[in-house]
Amino acid sequence: MKKILLTAMAVLTLFSCQNDNNETTALSAKTVAKKACATDDVLKSKLAADPTLAIRMNQIEAFTENAIATGRIVNGKIQIPVVVNVLYRTTAENISTAQIQSQIDILNEDYNALNADYNSVPAAFSRVKANVGISFVLEAIYRKATTKTSWGTSDAMKSTSTGGINATSPTTKLNLWVCTIGGGILGYAQFPGGASSTDGVAIDSKYIGDTGTAVYPYNLGRTATHEVGHWMNLRHIWGDANCGSDLVSDTPTHNDANYGVPAYPHYSTCSGNPIEMTMNYMDYTDDRGMFMFSNGQKSRMAAIFLSGGSRASFRL
């Protein structure tokens with residue numbers, strides 16, 4: 001088991017979303033060959049603003065490790081209601097209901113091993129590929145016109161007081177904000193343990209679903225699959241550090257993020273030179289290059305829905 005004690009400084013170091021080449025600011029858009037997820041960069045800011053967040057995340061991590069070690073993983077189907085909050089200035093940003101539904105369909109496929117490319121998982125990882133067994137249902141769509149050209153990652157889109165839309169019942173519903181984020185950011189999520197009022201996932205309107213405004217090579221809805229993974233307590237597969245830890249026992253140690261669609265097998269430069277799981281949803285590859293979660297990741301996600309877990313209120 002890959003483990004780490006999450007002190008405030010450790011969290012800042014482990015979950016930094018910027019590599020040495022400053023991915024978050026240097027990537028111009030998802031239409032280039034690199035992917036920019038701001039989840040860990042946002043976490044860095046939240047930890048600096050609220051030192052108690054590190055304590056809560058430490059408690060969640062301890063609970064998760066204990067749940068996995070003792071086998072206390074929730075049984076039965078978990079169904080997550082989704083509320084989509086669309087903030088638009090242009091017609092293109094006011095994405096269609098069909099495009100939103102396509103994203104919900106993709107989440108259901110990816111989290112239930114129903115995606116067409118699931119069988120493309122290489123034999124080396126066939127024993128650990130997972131059917132997570134979590135489903136999603138679209139409950140409501142709220143739309144709001146705005147004059148803002150971009151929203152950034154300060155959570156402004158999540159509050160009516162800053163021109164956005166307040167979260168709807170965030171302890172029992174996954175709130176998804178769709179807007180132009182800007183700065184080359186595809187999307188970001190809030191890890192378990194954060195404030196309820198900002199809990200959820202933000203996705204740029206150009207990278208939702210697989211129709212309408214969705215832009216290649218991120219036009220298969222995997223940005224939301226990746227960000228919802230963060231919302232359910234998954235880290236980037238490379239641990240946001242050279243040969244870092246994603247706190248999962250059955251994923252290979254990656255030396256860094258991967259981009260595009262790496263040729264298989266792609267070897268890590270870390271100890272033992274393992275084959276990297278570049279097709280994992282928590283890497284940075286193009287949408288067509290990611291198509292699996294691992295059993296270890298499934299266990300981490302399941303743990304937060306246990307009684308006493310940070311998202312136990314979502315259980316049916």
# chains A, B, ... in the order shown; residues from 1 in each chain; ligands from 1
call {"tool": "residues_around", "arguments": {"residues": "region 176-186 of chain A", "least_positions_apart": "5", "cutoff": "6 Å", "atoms": "only C-alpha atoms", "output": "ChimeraX atom specification"}}
result
/A:27-29,36-37,84-87,150-152,200-205
call {"tool": "select_by_dssp", "arguments": {"residues": "region 141-183 of chain A", "states": "helix (DSSP H, G or I)", "output": "mmCIF file with C-alpha atoms, in the first residue's frame"}}
result
data_model
loop_
_atom_site.group_PDB
_atom_site.id
_atom_site.type_symbol
_atom_site.label_atom_id
_atom_site.label_comp_id
_atom_site.auth_asym_id
_atom_site.auth_seq_id
_atom_site.Cartn_x
_atom_site.Cartn_y
_atom_site.Cartn_z
ATOM 1 C CA ALA A 156 -16.805 32.244 -8.307
ATOM 2 C CA MET A 157 -19.128 30.182 -10.515
ATOM 3 C CA LYS A 158 -20.406 28.408 -7.396
ATOM 4 C CA THR A 160 -24.800 33.764 -6.703
ATOM 5 C CA SER A 161 -23.021 36.542 -4.803
ATOM 6 C CA THR A 162 -20.193 36.405 -7.361
#
call {"tool": "closest_residue", "arguments": {"among": "A:Ala124, A:Leu306, A:Ile104, A:Ala189", "to": "Pro265 (chain A)", "atoms": "only C-alpha atoms"}}
result
A:Ala124
call {"tool": "residues_around", "arguments": {"residues": "Ala145 (chain A)", "least_positions_apart": "2", "cutoff": "10 Å", "atoms": "only C-alpha atoms", "output": "MDAnalysis selection string"}}
result
chainID A and resid 86:91 93:94 143 147:148 163:164
call {"tool": "closest_residue", "arguments": {"among": "A:Thr253, A:Ser135, A:Ser271, A:Ser245", "to": "Asp110 (chain A)", "atoms": "only C-alpha atoms"}}
result
A:Ser135
call {"tool": "closest_atom_pairs", "arguments": {"of": "region 214-293 of chain A", "to": "region 57-73 of chain A", "cutoff": "12 Å", "atoms": "only C-alpha atoms", "output": "tab-separated table"}}
result
residue	atom	partner	partner_atom	distance
A:Met232	CA	A:Thr64	CA	11.3
A:Asn233	CA	A:Glu61	CA	9.0
A:Leu234	CA	A:Glu61	CA	10.9
A:Arg235	CA	A:Glu61	CA	11.8
A:Asp246	CA	A:Glu61	CA	11.9
A:Leu247	CA	A:Glu65	CA	9.1
A:Val248	CA	A:Glu65	CA	9.8
A:Ser249	CA	A:Ile68	CA	10.5
call {"tool": "residues_around", "arguments": {"residues": "Tyr281 (chain A)", "least_positions_apart": "2", "cutoff": "8 Å", "atoms": "only C-alpha atoms", "output": "list in words"}}
result
Arg222, Thr225, His226, Met279, Asp283, Tyr284, Met290, Phe291, Met292 and Phe293 of chain A
call {"tool": "residues_around", "arguments": {"residues": "Val215 (chain A)", "least_positions_apart": "3", "cutoff": "6 Å", "atoms": "only C-alpha atoms", "output": "list of chain:residue names"}}
result
A:Lys206, A:Tyr218, A:Asn219
call {"tool": "atom_distance", "arguments": {"atom1": "CA of Trp238 (chain A)", "atom2": "CA of Asn175 (chain A)"}}
result
26.8 Å
call {"tool": "residues_around", "arguments": {"residues": "region 190-197 of chain A", "least_positions_apart": "2", "cutoff": "10 Å", "atoms": "only C-alpha atoms", "output": "ChimeraX atom specification"}}
result
/A:39-40,42-43,46-47,50,52-61,155,158-159,166-171,188,199-202,227-235,304,309-311
call {"tool": "select_by_dssp", "arguments": {"residues": "region 65-172 of chain A", "states": "strand (DSSP E or B)", "output": "list of chain:residue names"}}
result
A:Ile78, A:Gln79, A:Ile80, A:Pro81, A:Val82, A:Val83, A:Val84, A:Asn85, A:Val86, A:Leu87, A:Tyr88, A:Lys129, A:Ile134, A:Ser135, A:Phe136, A:Val137, A:Leu138, A:Glu139, A:Ala140, A:Ile141, A:Tyr142, A:Arg143, A:Lys144, A:Ala145
call {"tool": "closest_residue", "arguments": {"among": "A:Leu114, A:Ile80, A:Ala224, A:Ala263", "to": "Lys173 (chain A)", "atoms": "only C-alpha atoms"}}
result
A:Ile80
call {"tool": "residues_around", "arguments": {"residues": "Pro262 (chain A)", "least_positions_apart": "2", "cutoff": "9 Å", "atoms": "only C-alpha atoms", "output": "compact mmCIF listing (two decimals) with N, CA and C atoms, in the first residue's frame"}}
result
# COMPACT_ATOMS: atom_id res chain seq x y z
N ASN A 258 1.45 11.76 -18.23
CA ASN A 258 1.58 11.42 -19.65
C ASN A 258 0.58 12.22 -20.46
N TYR A 259 0.96 12.53 -21.70
CA TYR A 259 0.13 13.33 -22.59
C TYR A 259 -0.06 12.62 -23.92
N GLY A 260 -1.04 13.09 -24.69
CA GLY A 260 -1.30 12.47 -25.97
C GLY A 260 -1.80 11.05 -25.77
N TYR A 264 2.11 1.78 -26.25
CA TYR A 264 2.25 0.76 -25.21
C TYR A 264 3.31 -0.26 -25.64
N PRO A 265 4.18 -0.71 -24.72
CA PRO A 265 4.29 -0.33 -23.32
C PRO A 265 5.15 0.93 -23.14
N HIS A 266 4.72 1.75 -22.20
CA HIS A 266 5.46 2.97 -21.87
C HIS A 266 6.06 2.76 -20.47
N THR A 278 -0.83 4.17 -18.50
CA THR A 278 -1.15 5.44 -19.17
C THR A 278 -2.61 5.55 -19.56
N MET A 279 -3.29 4.42 -19.63
CA MET A 279 -4.71 4.42 -20.01
C MET A 279 -5.64 4.64 -18.82
N THR A 285 -3.58 11.81 -20.27
CA THR A 285 -3.61 11.47 -21.69
C THR A 285 -4.86 12.02 -22.37
N GLY A 289 -7.19 8.04 -25.13
CA GLY A 289 -6.10 7.23 -24.57
C GLY A 289 -6.34 6.77 -23.15
call {"tool": "atom_distance", "arguments": {"atom1": "CA of Gly187 (chain A)", "atom2": "CA of Ser96 (chain A)"}}
result
18.7 Å
